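**Student:** Input work32.cif, format and content: mmCIF, C-alpha atoms.
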data_input
#
loop_
_atom_site.label_atom_id
_atom_site.label_comp_id
_atom_site.auth_asym_id
_atom_site.auth_seq_id
_atom_site.Cartn_x
_atom_site.Cartn_y
_atom_site.Cartn_z
CA MET O 27 -25.20 -15.00 -90.53
CA ARG O 28 -25.35 -11.25 -90.32
CA SER O 29 -22.37 -9.10 -91.27
CA TYR O 30 -20.47 -6.95 -88.86
CA PHE O 31 -18.84 -3.58 -89.39
CA TYR O 32 -16.49 -1.61 -87.17
CA GLU O 33 -16.01 2.15 -87.08
CA SER O 34 -13.87 4.26 -84.81
CA PRO O 35 -14.80 7.91 -85.40
CA SER O 36 -12.55 10.64 -84.02
CA SER O 37 -15.23 13.30 -83.64
CA PHE O 38 -18.88 13.48 -82.69
CA GLU O 39 -19.78 14.88 -86.16
CA GLU O 40 -18.27 11.83 -87.79
CA LEU O 41 -20.09 9.58 -85.34
CA PHE O 42 -23.50 11.11 -85.98
CA GLN O 43 -22.82 11.02 -89.71
CA ILE O 44 -22.25 7.26 -89.51
CA GLY O 45 -25.42 6.89 -87.48
CA LYS O 46 -27.41 8.91 -90.01
CA THR O 47 -26.28 7.09 -93.13
CA THR O 48 -26.40 3.49 -91.96
CA SER O 49 -29.42 1.27 -92.01
CA ASN O 50 -27.72 -1.30 -89.79
CA GLU O 51 -28.26 -1.86 -86.14
CA VAL O 52 -25.79 0.38 -84.32
CA LYS O 53 -23.97 -0.55 -81.14
CA PHE O 54 -21.71 1.87 -79.29
CA LEU O 55 -18.65 0.19 -77.87
CA ALA O 56 -17.03 1.42 -74.66
CA GLY O 57 -14.93 -1.15 -72.81
CA GLY O 58 -16.78 -4.08 -74.31
CA THR O 59 -16.61 -6.32 -71.26
CA ASP O 60 -20.31 -7.01 -71.50
CA PHE O 61 -20.82 -6.65 -75.24
CA VAL O 62 -17.94 -8.83 -76.46
CA PRO O 63 -18.94 -11.94 -74.45
CA ARG O 64 -22.48 -11.46 -75.78
CA LEU O 65 -21.10 -11.23 -79.29
CA ASN O 66 -19.04 -14.38 -78.71
CA TYR O 67 -22.21 -16.11 -77.60
CA GLU O 68 -24.16 -14.87 -80.60
CA LEU O 69 -21.47 -16.16 -82.96
CA ASN O 70 -21.65 -19.61 -81.37
CA GLU O 71 -25.41 -19.84 -81.85
CA VAL O 72 -27.30 -20.85 -84.96
CA PRO O 73 -27.71 -17.53 -86.82
CA LYS O 74 -31.15 -15.99 -86.49
CA GLU O 75 -33.13 -15.26 -89.65
CA GLY O 76 -33.67 -11.70 -90.79
CA GLN O 77 -31.35 -9.99 -88.37
CA LYS O 78 -30.04 -6.59 -89.38
CA ASP O 79 -26.31 -6.20 -89.90
CA LEU O 80 -24.46 -4.75 -86.94
CA THR O 81 -22.23 -1.69 -86.96
CA ILE O 82 -20.00 -1.46 -83.93
CA ILE O 83 -18.92 2.11 -83.21
CA SER O 84 -16.01 2.48 -80.86
CA LEU O 85 -16.08 5.60 -78.67
CA SER O 86 -12.41 5.39 -77.74
CA LYS O 87 -11.19 8.23 -79.96
CA LEU O 88 -13.72 10.83 -78.80
CA GLY O 89 -11.61 12.01 -75.88
CA LEU O 90 -14.14 11.01 -73.25
CA ASP O 91 -11.55 9.56 -70.91
CA THR O 92 -10.80 12.53 -68.68
CA ILE O 93 -11.73 13.46 -65.12
CA SER O 94 -11.91 17.16 -64.30
CA GLU O 95 -12.80 19.27 -61.32
CA SER O 96 -14.36 22.71 -60.87
CA ASP O 97 -15.39 24.61 -57.74
CA GLU O 98 -18.73 22.92 -57.40
CA GLU O 99 -18.57 19.64 -59.24
CA ILE O 100 -16.45 16.94 -60.75
CA LYS O 101 -16.90 15.58 -64.26
CA ILE O 102 -16.06 12.02 -65.15
CA GLY O 103 -15.86 11.15 -68.85
CA SER O 104 -17.89 8.14 -69.83
CA MET O 105 -14.89 6.24 -71.21
CA VAL O 106 -12.89 6.37 -67.98
CA THR O 107 -12.06 2.82 -66.94
CA PHE O 108 -12.73 1.70 -63.39
CA THR O 109 -9.03 1.21 -62.75
CA GLU O 110 -8.29 4.81 -63.76
CA MET O 111 -11.16 6.03 -61.64
CA LYS O 112 -10.02 4.09 -58.60
CA LYS O 113 -6.56 5.61 -58.84
CA ASN O 114 -7.70 9.15 -59.61
CA ASN O 115 -6.85 11.72 -56.95
CA ILE O 116 -9.82 13.99 -57.63
CA VAL O 117 -12.31 11.15 -57.33
CA ASN O 118 -10.67 9.78 -54.19
CA LYS O 119 -10.48 13.19 -52.54
CA TYR O 120 -14.17 14.04 -52.86
CA PHE O 121 -15.85 10.67 -53.22
CA PRO O 122 -14.01 7.90 -51.39
CA VAL O 123 -17.19 5.87 -51.86
CA PHE O 124 -16.12 5.17 -55.44
CA GLU O 125 -13.06 3.29 -54.26
CA GLU O 126 -15.29 1.24 -52.01
CA THR O 127 -17.63 0.53 -54.93
CA ILE O 128 -15.01 -0.23 -57.53
CA LYS O 129 -13.17 -2.60 -55.20
CA GLU O 130 -16.27 -4.77 -55.21
CA LEU O 131 -16.94 -4.45 -58.90
CA ALA O 132 -15.87 -7.46 -61.03
CA GLY O 133 -12.15 -8.33 -60.92
CA LEU O 134 -8.95 -6.47 -61.61
CA SER O 135 -8.55 -7.59 -65.22
CA VAL O 136 -12.15 -6.67 -66.04
CA ARG O 137 -11.88 -3.27 -64.35
CA ASN O 138 -8.81 -2.52 -66.46
CA VAL O 139 -11.06 -2.41 -69.55
CA ALA O 140 -14.59 -1.81 -68.28
CA THR O 141 -15.76 1.80 -68.27
CA ILE O 142 -18.15 3.74 -66.08
CA GLY O 143 -20.19 4.78 -69.12
CA GLY O 144 -20.54 1.20 -70.27
CA ASN O 145 -21.76 0.12 -66.87
CA ILE O 146 -24.39 2.86 -66.92
CA MET O 147 -25.60 2.46 -70.50
CA ASN O 148 -25.83 -1.29 -70.12
CA ALA O 149 -28.62 -0.46 -67.67
CA SER O 150 -28.34 -3.75 -65.86
CA PRO O 151 -30.39 -3.80 -62.66
CA ALA O 152 -27.35 -5.35 -61.00
CA ALA O 153 -24.87 -2.69 -62.16
CA ASP O 154 -22.63 -1.84 -59.23
CA ILE O 155 -21.69 1.74 -60.04
CA VAL O 156 -25.31 2.87 -60.50
CA PRO O 157 -26.52 2.72 -56.85
CA THR O 158 -23.54 4.84 -55.84
CA LEU O 159 -24.14 7.36 -58.64
CA MET O 160 -27.79 7.61 -57.73
CA ALA O 161 -27.01 8.02 -54.06
CA LEU O 162 -24.70 10.91 -54.99
CA ASP O 163 -27.44 12.33 -57.23
CA ALA O 164 -25.18 12.33 -60.27
CA VAL O 165 -26.25 14.01 -63.50
CA LEU O 166 -25.69 12.16 -66.77
CA VAL O 167 -24.95 14.15 -69.91
CA LEU O 168 -26.19 12.68 -73.18
CA LYS O 169 -24.94 14.01 -76.49
CA GLY O 170 -26.98 13.43 -79.61
CA PRO O 171 -27.23 14.94 -83.10
CA ASN O 172 -29.59 17.58 -81.70
CA GLY O 173 -27.31 18.69 -78.89
CA GLU O 174 -26.68 17.81 -75.30
CA ARG O 175 -29.11 17.20 -72.50
CA GLU O 176 -28.67 16.54 -68.82
CA ILE O 177 -30.64 13.91 -67.01
CA CYS O 178 -30.65 13.17 -63.33
CA SER O 179 -29.49 9.63 -62.65
CA LYS O 180 -32.70 8.74 -60.81
CA ASP O 181 -34.77 9.40 -63.95
CA PHE O 182 -32.32 7.81 -66.35
CA PHE O 183 -33.29 4.14 -66.27
CA LYS O 184 -36.48 2.79 -67.75
CA GLY O 185 -36.08 -0.93 -67.28
CA ASN O 186 -33.71 -3.82 -67.67
CA GLY O 187 -31.34 -2.71 -70.45
CA ARG O 188 -33.41 0.39 -71.24
CA THR O 189 -32.54 4.01 -70.60
CA VAL O 190 -34.02 7.34 -71.69
CA ALA O 191 -31.20 7.69 -74.23
CA GLN O 192 -32.34 7.67 -77.83
CA GLU O 193 -30.74 5.45 -80.43
CA GLN O 194 -28.16 7.98 -81.58
CA GLU O 195 -27.36 9.47 -78.19
CA VAL O 196 -24.04 8.83 -76.51
CA LEU O 197 -23.35 9.21 -72.81
CA LYS O 198 -20.72 11.92 -72.70
CA GLU O 199 -19.94 12.48 -69.05
CA ILE O 200 -21.12 12.11 -65.51
CA VAL O 201 -21.35 15.24 -63.39
CA ILE O 202 -21.39 14.98 -59.61
CA LYS O 203 -21.80 17.94 -57.28
CA LYS O 204 -19.39 18.17 -54.38
CA GLN O 205 -21.36 17.50 -51.22
CA LYS O 206 -21.03 17.71 -47.48
CA GLY O 207 -22.34 14.33 -46.50
CA THR O 208 -20.76 10.91 -46.46
CA SER O 209 -21.71 7.87 -48.44
CA SER O 210 -21.11 4.17 -48.61
CA PHE O 211 -21.74 1.18 -50.86
CA LYS O 212 -22.39 -2.38 -49.82
CA LYS O 213 -22.62 -5.41 -52.08
CA LEU O 214 -23.71 -8.94 -51.48
CA GLY O 215 -22.62 -11.46 -54.10
CA ARG O 216 -22.53 -15.22 -54.28
CA ARG O 217 -18.86 -15.10 -53.40
CA LYS O 218 -16.41 -12.40 -52.43
CA ALA O 219 -14.56 -11.83 -55.68
CA GLU O 220 -15.50 -11.32 -59.30
CA THR O 221 -19.21 -11.78 -58.92
CA LEU O 222 -22.49 -10.18 -59.86
CA SER O 223 -24.61 -8.67 -57.15
CA VAL O 224 -27.40 -10.55 -55.43
CA VAL O 225 -28.31 -7.27 -53.76
CA ASN O 226 -26.31 -4.05 -53.66
CA ALA O 227 -27.12 -0.86 -51.83
CA ALA O 228 -25.69 2.62 -51.42
CA ALA O 229 -26.44 5.38 -48.97
CA TYR O 230 -25.69 9.09 -48.75
CA ILE O 231 -26.18 10.74 -45.38
CA GLU O 232 -25.83 14.31 -44.20
CA LYS O 233 -26.00 14.70 -40.46
CA GLU O 234 -25.73 17.31 -37.75
CA ASN O 235 -25.15 16.23 -34.16
CA ASN O 236 -26.11 12.73 -35.21
CA ILE O 237 -29.49 13.93 -36.51
CA CYS O 238 -30.06 12.98 -40.12
CA LYS O 239 -30.55 16.07 -42.31
CA LYS O 240 -30.49 14.57 -45.75
CA ALA O 241 -30.51 11.01 -47.01
CA ARG O 242 -30.44 9.26 -50.34
CA ILE O 243 -30.73 5.51 -50.26
CA THR O 244 -30.52 3.30 -53.34
CA ILE O 245 -30.75 -0.40 -53.88
CA GLY O 246 -29.94 -2.51 -56.91
CA SER O 247 -30.66 -5.96 -58.31
CA VAL O 248 -34.12 -6.18 -56.73
CA ALA O 249 -36.25 -4.54 -59.44
CA PRO O 250 -36.02 -3.88 -63.20
CA THR O 251 -33.88 -0.84 -62.43
CA VAL O 252 -31.84 0.40 -59.52
CA LEU O 253 -34.25 2.08 -57.08
CA ARG O 254 -34.24 5.17 -54.88
CA CYS O 255 -35.96 4.18 -51.63
CA LYS O 256 -38.02 7.24 -50.69
CA GLU O 257 -39.71 5.43 -47.81
CA VAL O 258 -36.41 4.68 -46.15
CA GLU O 259 -35.19 8.22 -46.67
CA GLU O 260 -38.34 9.69 -45.13
CA ALA O 261 -38.03 7.38 -42.17
CA LEU O 262 -34.49 8.61 -41.55
CA ILE O 263 -34.69 12.37 -42.06
CA GLY O 264 -35.02 14.32 -38.84
CA LYS O 265 -34.33 11.33 -36.64
CA GLU O 266 -31.33 10.54 -34.55
CA LEU O 267 -29.11 7.99 -36.26
CA THR O 268 -29.14 5.14 -33.81
CA ASP O 269 -28.97 1.44 -34.63
CA GLU O 270 -32.65 1.22 -33.80
CA THR O 271 -33.82 3.93 -36.25
CA MET O 272 -31.57 2.57 -38.97
CA LYS O 273 -33.02 -0.87 -38.55
CA GLU O 274 -36.56 0.42 -38.54
CA ALA O 275 -36.01 2.59 -41.58
CA SER O 276 -34.26 -0.10 -43.58
CA LEU O 277 -37.21 -2.47 -43.16
CA LYS O 278 -39.31 -0.02 -45.21
CA VAL O 279 -37.37 -0.99 -48.31
CA ILE O 280 -39.41 -4.18 -48.64
CA ASP O 281 -42.46 -2.28 -49.92
CA SER O 282 -40.69 -0.71 -52.87
CA ILE O 283 -38.76 -3.69 -54.24
CA SER O 284 -39.99 -6.36 -56.64
CA PRO O 285 -37.28 -9.02 -56.83
CA ILE O 286 -37.41 -12.09 -59.04
CA ASP O 287 -35.91 -15.57 -58.89
CA ASP O 288 -32.85 -15.84 -61.07
CA ILE O 289 -29.59 -17.69 -61.45
CA ARG O 290 -28.01 -15.84 -58.53
CA ALA O 291 -30.70 -15.91 -55.86
CA THR O 292 -34.38 -16.37 -55.20
CA ALA O 293 -36.85 -13.55 -54.69
CA TRP O 294 -37.44 -14.80 -51.15
CA TYR O 295 -33.76 -14.50 -50.29
CA ARG O 296 -33.48 -11.07 -51.88
CA LYS O 297 -36.41 -9.83 -49.80
CA LYS O 298 -34.68 -11.10 -46.68
CA VAL O 299 -31.31 -9.52 -47.37
CA SER O 300 -32.41 -6.20 -48.89
CA PRO O 301 -33.10 -4.50 -45.53
CA VAL O 302 -29.84 -5.88 -44.19
CA MET O 303 -27.81 -4.44 -47.05
CA VAL O 304 -29.60 -1.10 -46.79
CA ARG O 305 -28.96 -0.97 -43.07
CA ARG O 306 -25.28 -1.80 -43.52
CA ALA O 307 -24.92 0.90 -46.17
CA ILE O 308 -26.59 3.50 -43.94
CA LYS O 309 -24.53 2.53 -40.94
CA SER O 310 -21.29 2.60 -42.84
CA ALA O 311 -22.18 5.96 -44.44
CA CYS O 312 -22.84 7.37 -40.96
CA ASP O 313 -19.53 6.09 -39.69
CA ALA O 314 -17.53 7.28 -42.68
CA GLU O 315 -15.66 10.52 -42.31
CA MET M 18 -16.01 -6.30 -93.28
CA SER M 19 -12.43 -7.16 -92.37
CA LYS M 20 -9.88 -4.47 -91.63
CA ILE M 21 -6.12 -4.27 -91.45
CA LEU M 22 -4.96 -4.04 -87.85
CA ASN M 23 -1.53 -2.87 -86.67
CA PHE M 24 -0.29 -3.42 -83.17
CA TYR M 25 2.75 -4.55 -81.19
CA LEU M 26 2.84 -8.17 -80.15
CA ASN M 27 5.58 -9.11 -77.68
CA GLY M 28 7.59 -6.15 -78.90
CA ASN M 29 7.21 -6.86 -82.62
CA PRO M 30 5.03 -4.80 -84.89
CA VAL M 31 2.41 -6.99 -86.54
CA GLU M 32 -0.08 -6.35 -89.30
CA VAL M 33 -3.02 -8.72 -89.57
CA ILE M 34 -6.42 -8.82 -91.14
CA ALA M 35 -9.09 -8.90 -88.46
CA LYS M 36 -12.83 -9.29 -88.64
CA PRO M 37 -14.93 -6.74 -86.73
CA GLU M 38 -16.64 -9.45 -84.68
CA GLN M 39 -13.40 -11.13 -83.62
CA ASN M 40 -12.08 -10.81 -80.11
CA LEU M 41 -8.40 -10.46 -79.30
CA LEU M 42 -8.14 -14.07 -78.13
CA GLU M 43 -9.41 -15.43 -81.44
CA LEU M 44 -7.13 -13.09 -83.32
CA LEU M 45 -4.08 -14.26 -81.40
CA ARG M 46 -4.92 -17.96 -81.61
CA ASP M 47 -6.51 -18.32 -85.03
CA ASN M 48 -5.05 -15.53 -87.16
CA ILE M 49 -1.58 -15.25 -85.67
CA GLY M 50 -1.23 -18.81 -84.39
CA LEU M 51 -0.06 -17.87 -80.92
CA THR M 52 -1.76 -20.43 -78.72
CA SER M 53 -0.41 -19.48 -75.31
CA PRO M 54 -3.55 -17.58 -74.27
CA LYS M 55 -6.11 -20.32 -73.67
CA CYS M 56 -9.82 -20.23 -74.34
CA GLY M 57 -11.57 -21.51 -71.25
CA CYS M 58 -15.02 -19.95 -71.17
CA ASN M 59 -14.96 -17.27 -73.90
CA ARG M 60 -17.06 -14.99 -71.68
CA GLY M 61 -14.62 -13.43 -69.28
CA ASP M 62 -15.16 -15.69 -66.30
CA CYS M 63 -12.08 -17.89 -66.14
CA GLY M 64 -9.11 -15.67 -66.95
CA SER M 65 -7.09 -18.29 -68.83
CA CYS M 66 -6.93 -15.91 -71.81
CA THR M 67 -5.35 -13.09 -69.80
CA VAL M 68 -2.76 -11.03 -71.69
CA ILE M 69 -1.07 -7.73 -70.90
CA LEU M 70 -2.47 -4.82 -72.90
CA ASP M 71 -0.54 -1.57 -72.41
CA ASP M 72 0.87 -2.72 -69.05
CA LYS M 73 -2.48 -3.88 -67.70
CA ALA M 74 -3.82 -7.41 -67.41
CA VAL M 75 -6.95 -7.88 -69.51
CA LYS M 76 -9.04 -10.87 -70.46
CA SER M 77 -8.45 -11.09 -74.19
CA CYS M 78 -11.82 -12.73 -74.88
CA MET M 79 -13.47 -9.53 -73.63
CA VAL M 80 -11.51 -7.18 -75.87
CA LEU M 81 -12.61 -6.64 -79.44
CA ALA M 82 -9.64 -7.29 -81.73
CA LEU M 83 -9.91 -4.05 -83.69
CA THR M 84 -9.72 -1.94 -80.54
CA VAL M 85 -6.06 -2.87 -79.92
CA GLU M 86 -4.94 -0.76 -82.92
CA GLY M 87 -1.55 0.75 -82.06
CA LYS M 88 -1.42 -0.80 -78.60
CA LYS M 89 1.10 -3.17 -77.05
CA VAL M 90 0.06 -6.74 -76.38
CA VAL M 91 2.28 -9.10 -74.39
CA THR M 92 1.65 -12.81 -73.97
CA VAL M 93 3.63 -15.40 -72.02
CA ASP M 94 5.90 -15.81 -75.07
CA GLY M 95 7.05 -12.22 -74.64
CA LEU M 96 8.23 -12.74 -71.07
CA VAL M 97 10.86 -15.33 -71.89
CA LYS M 98 14.30 -13.95 -72.71
CA GLY M 99 15.92 -16.65 -74.85
CA GLU M 100 16.09 -19.68 -72.56
CA GLU M 101 15.72 -17.59 -69.41
CA LEU M 102 12.30 -17.73 -67.78
CA HIS M 103 10.63 -14.75 -66.16
CA PRO M 104 10.91 -14.71 -62.33
CA ILE M 105 7.17 -15.41 -62.06
CA GLN M 106 7.51 -18.47 -64.27
CA LYS M 107 10.51 -19.70 -62.26
CA ALA M 108 8.60 -19.25 -59.04
CA PHE M 109 5.53 -21.08 -60.33
CA LEU M 110 7.76 -23.98 -61.38
CA GLU M 111 9.66 -24.00 -58.11
CA TYR M 112 6.47 -23.96 -56.02
CA GLY M 113 4.80 -26.60 -58.18
CA ALA M 114 1.87 -24.27 -58.71
CA PRO M 115 0.67 -25.46 -62.14
CA GLN M 116 -0.95 -28.87 -62.13
CA CYS M 117 -2.81 -29.41 -65.39
CA GLY M 118 -1.37 -26.10 -66.58
CA PHE M 119 -4.37 -24.75 -68.46
CA CYS M 120 -4.80 -21.67 -66.29
CA THR M 121 -1.05 -21.05 -65.99
CA PRO M 122 -0.48 -18.66 -68.95
CA GLY M 123 -3.30 -16.49 -67.64
CA MET M 124 -1.98 -16.67 -64.09
CA VAL M 125 1.51 -15.70 -65.26
CA MET M 126 0.21 -12.67 -67.12
CA ALA M 127 -2.13 -11.56 -64.32
CA ALA M 128 0.65 -11.92 -61.73
CA THR M 129 3.21 -10.14 -63.91
CA ALA M 130 0.93 -7.19 -64.58
CA PHE M 131 0.02 -7.02 -60.92
CA LEU M 132 3.64 -6.89 -59.78
CA LEU M 133 4.36 -4.10 -62.28
CA GLU M 134 1.79 -2.03 -60.45
CA ASN M 135 2.34 -3.22 -56.91
CA PRO M 136 5.86 -4.66 -56.40
CA THR M 137 5.41 -5.29 -52.65
CA PRO M 138 1.93 -6.71 -52.15
CA THR M 139 0.37 -8.39 -49.16
CA LYS M 140 -1.06 -11.88 -49.37
CA TYR M 141 -4.57 -10.48 -49.49
CA GLU M 142 -3.72 -8.17 -52.37
CA VAL M 143 -2.22 -11.05 -54.36
CA LYS M 144 -5.32 -13.12 -53.80
CA GLU M 145 -7.48 -10.24 -54.89
CA ALA M 146 -5.39 -9.63 -58.01
CA LEU M 147 -5.60 -13.29 -59.05
CA SER M 148 -9.27 -13.62 -58.17
CA GLY M 149 -10.23 -13.27 -61.83
CA ASN M 150 -8.24 -16.37 -62.75
CA LEU M 151 -9.83 -19.70 -62.02
CA CYS M 152 -7.72 -22.79 -61.37
CA ARG M 153 -9.78 -25.95 -61.41
CA CYS M 154 -6.95 -27.98 -59.89
CA GLY M 155 -7.22 -25.66 -56.90
CA GLY M 156 -3.62 -24.50 -56.87
CA TYR M 157 -4.47 -21.04 -55.57
CA ASP M 158 -2.38 -21.23 -52.44
CA LYS M 159 0.77 -22.19 -54.29
CA TYR M 160 0.20 -19.50 -56.90
CA THR M 161 -0.21 -16.93 -54.13
CA GLU M 162 2.88 -18.11 -52.28
CA ALA M 163 4.90 -18.08 -55.50
CA VAL M 164 3.90 -14.49 -56.32
CA LEU M 165 4.80 -13.42 -52.78
CA ALA M 166 8.19 -15.11 -53.13
CA VAL M 167 8.82 -13.18 -56.35
CA SER M 168 7.86 -9.93 -54.65
CA ARG M 169 10.41 -10.69 -51.93
CA GLY M 170 13.03 -10.93 -54.68
CA GLU M 171 13.76 -14.63 -54.24
CA PHE M 172 13.71 -15.24 -57.97
CA GLY M 173 15.70 -12.27 -59.18
CA PRO M 174 14.66 -8.76 -60.10
CA VAL M 175 11.23 -8.33 -61.66
CA LEU M 176 11.25 -6.63 -65.04
CA LYS M 177 9.81 -3.16 -65.35
CA GLY M 178 6.93 -2.47 -67.72
CA SER M 179 9.12 -0.79 -70.32
CA GLU M 180 11.42 -3.81 -70.42
CA ILE M 181 8.78 -6.41 -71.22
CA ASN M 182 7.33 -4.21 -73.91
CA VAL M 183 10.53 -3.89 -75.93
#
Mind turning the file's structure into structure tokens?
**Tutor:**
Amino acid sequence: MRSYFYESPSSFEELFQIGKTTSNEVKFLAGGTDFVPRLNYELNEVPKEGQKDLTIISLSKLGLDTISESDEEIKIGSMVTFTEMKKNNIVNKYFPVFEETIKELAGLSVRNVATIGGNIMNASPAADIVPTLMALDAVLVLKGPNGEREICSKDFFKGNGRTVAQEQEVLKEIVIKKQKGTSSFKKLGRRKAETLSVVNAAAYIEKENNICKKARITIGSVAPTVLRCKEVEEALIGKELTDETMKEASLKVIDSISPIDDIRATAWYRKKVSPVMVRRAIKSACDAE
Amino acid sequence: MSKILNFYLNGNPVEVIAKPEQNLLELLRDNIGLTSPKCGCNRGDCGSCTVILDDKAVKSCMVLALTVEGKKVVTVDGLVKGEELHPIQKAFLEYGAPQCGFCTPGMVMAATAFLLENPTPTKYEVKEALSGNLCRCGGYDKYTEAVLAVSRGEFGPVLKGSEINV
């Protein structure tokens, strides 16, 4: 069995120092609601041969758990838990869509520990916060030994469990510009509570006299990463937002998705419900004030 | 590599040796010998291991033991004052909510933490709050009714967060 080590650095310098000196596999720990069950599972299995030792580095003492606001944007620290985020006045004032999203995300006792950064860096195609972040065009700030860099959320994910972040880079904060439009998130799970998504979708719409000016539509759990649906957006922009155009536009999502059969649903079913979820998200974003 | 861990358990400071790969549930059950949190699934699905960590209900199998350094953990044992049960426990008994009883410690903790935050919930809110706790006997309705009865004050005043953390 491999050995495990735990570190809880109180500054980024200390953290990068640990990363530099160790030859172990390094895992950054945020809330741990995905990592700890995986660890439990690993410990119950027959140990694999030749595995590197694991160093778990907790990010809890780095002060990443704040939400702040400036004239143009809000910044959410990566270690903010979903419960804190749901209750936060700044978030609720500018982005009520987060409350809608977080309500659907796991259950209360998971949200009390799970963090937004963990949900992002896990890079699950079924992550619930990611479609919303992408629809809001959020910018993710990575901090590594060589400094910080900003990456747009739509370019951040490379596949199931893979992001552009390098081994030593930590997600520091999420920056979202204040915007004029309205947005909405819709999730379809196997049941209503405490479930993973079969398909989830988010929409951001800016309109003038019911004509769509700007649109960002995202859909999750139907491809190796959460997707931006350009085809749907193009079909919406410049058109009047009637039920008919929404329906027509949402059907375009089928071309860009590549769902698979898994434990939660079949590819066939996902193809059937994807346009429905997209349409519901668009409709609800249009109706939101 | 094991480390020394200090935290507050049911109001008492404790110092234990914890392994980095241990979760809080294992620590409580195996190292400390407190078996009230139950291990149902060990992957955060069932909620029978729910404890209160700094006034919030968490599933202890999803929390790494070493991360509770300096925090306050409360289990069912911490709710009882001598022989006097907590209002939630009284209500569960009165309503006959527990059947086999395996999920009950988790339900008690989830309900207690929920009422700390929302003392006057609606039925829907109670259901939502307990949705992370599975009861294979199917006693959900009675659990919900019991929590609502407590919120109406039928079983005496509900303790505030600071009082259960003493």
**Student:** Which one is closest to O:Lys212: O:Ala227, O:Ala164, O:Ile286, O:Ile142? Count all atoms listed in the file.
**Tutor:**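 When distances to O:Lys212 are compared using all atoms listed in the file, the smallest one comes from O:Ala227.
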**Student:** Go through the shown structure with the PyMOL selection byres ((chain O and resi 147-149) around 9) and write out the matching residues as JSON, numbers by chain.
**Tutor:** {"O": [60, 61, 142, 143, 144, 145, 146, 150, 151, 152, 153, 156, 183, 184, 185, 186, 187, 188, 189, 191, 196, 197, 251, 252]}
**Student:** Determine the residue membership of the PyMOL selection byres ((chain O and resi 126) around 9) for the file above and supply it as a PDB file with C-alpha atoms, in the frame of the given file.
**Tutor:**
ATOM      1  CA  LYS O 112     -10.020   4.090 -58.600  1.00  0.00           C
ATOM      2  CA  PRO O 122     -14.010   7.900 -51.390  1.00  0.00           C
ATOM      3  CA  VAL O 123     -17.190   5.870 -51.860  1.00  0.00           C
ATOM      4  CA  PHE O 124     -16.120   5.170 -55.440  1.00  0.00           C
ATOM      5  CA  GLU O 125     -13.060   3.290 -54.260  1.00  0.00           C
ATOM      6  CA  THR O 127     -17.630   0.530 -54.930  1.00  0.00           C
ATOM      7  CA  ILE O 128     -15.010  -0.230 -57.530  1.00  0.00           C
ATOM      8  CA  LYS O 129     -13.170  -2.600 -55.200  1.00  0.00           C
ATOM      9  CA  GLU O 130     -16.270  -4.770 -55.210  1.00  0.00           C
ATOM     10  CA  SER O 210     -21.110   4.170 -48.610  1.00  0.00           C
ATOM     11  CA  PHE O 211     -21.740   1.180 -50.860  1.00  0.00           C
ATOM     12  CA  LYS O 212     -22.390  -2.380 -49.820  1.00  0.00           C
TER      13      LYS O 212
END
**Student:** Which neighbours of stretch 273-285 of chain O fall inside 6 Å, counting all atoms listed in the file, when residues of the same chain fewer than 6 positions from it are skipped, and could you give them as a PyMOL selection string?
**Tutor:** chain O and resi 248-249+258+261+293+301+304-305
**Student:** Which neighbours of stretch 100-106 of chain M fall inside 7 Å, counting all atoms listed in the file, when residues of the same chain fewer than 6 positions from it are skipped, and could you give them as a list of chain:residue names?
**Tutor:**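 Once the nearby chain positions are removed, what remains is M:Val125, M:Thr129, M:Val164, M:Val167, M:Phe172, M:Gly173, M:Val175.
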**Student:** I'd like to know which of O:Ile44, O:Met160, O:Val117, O:Ile177 is closest to O:Lys204, using all atoms listed in the file.
**Tutor:**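 Ranked by minimum distance to O:Lys204, first place goes to O:Val117.
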**Student:** Do a neighbour search on O:Leu168 at 7 Å with all atoms listed in the file, toss out local chain neighbours closer than 6 positions, and write the hits as an mmCIF file with C-alpha atoms, in the coordinates of the input.
**Tutor:**
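The result, written out as part24.cif:
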data_model
loop_
_atom_site.group_PDB
_atom_site.id
_atom_site.type_symbol
_atom_site.label_atom_id
_atom_site.label_comp_id
_atom_site.auth_asym_id
_atom_site.auth_seq_id
_atom_site.Cartn_x
_atom_site.Cartn_y
_atom_site.Cartn_z
ATOM 1 C CA GLU O 174 -26.680 17.810 -75.300
ATOM 2 C CA ARG O 175 -29.110 17.200 -72.500
ATOM 3 C CA GLU O 176 -28.670 16.540 -68.820
ATOM 4 C CA GLU O 195 -27.360 9.470 -78.190
ATOM 5 C CA VAL O 196 -24.040 8.830 -76.510
ATOM 6 C CA LEU O 197 -23.350 9.210 -72.810
ATOM 7 C CA LYS O 198 -20.720 11.920 -72.700
#
**Student:** Calculate how many Å separate atom CA of M:Pro138 from atom CA of M:Leu110, rounding to one decimal.
**Tutor:**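 Separation between atom CA of M:Pro138 and atom CA of M:Leu110: 20.4 Å.
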**Student:** Selected by the PyMOL selection byres ((chain O and resi 106) around 7) in the shown coordinates: which residues, as a list in words?
**Tutor:**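 Those residues are Asp91, Thr92, Gly103, Ser104, Met105, Thr107, Phe108, Glu110, Met111, Thr141 and Ile142 of chain O.
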**Student:** Between atom CA of O:Ile243 and atom CA of O:Met303, what is the distance in Å, rounded to a tenth?
**Tutor:** 10.9 Å
**Student:** Could you tell me how far atom CA of O:Pro73 lies from atom CA of M:Leu41, in Å and to one decimal?
**Tutor:**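 Distance reported for this atom pair: 21.9 Å.
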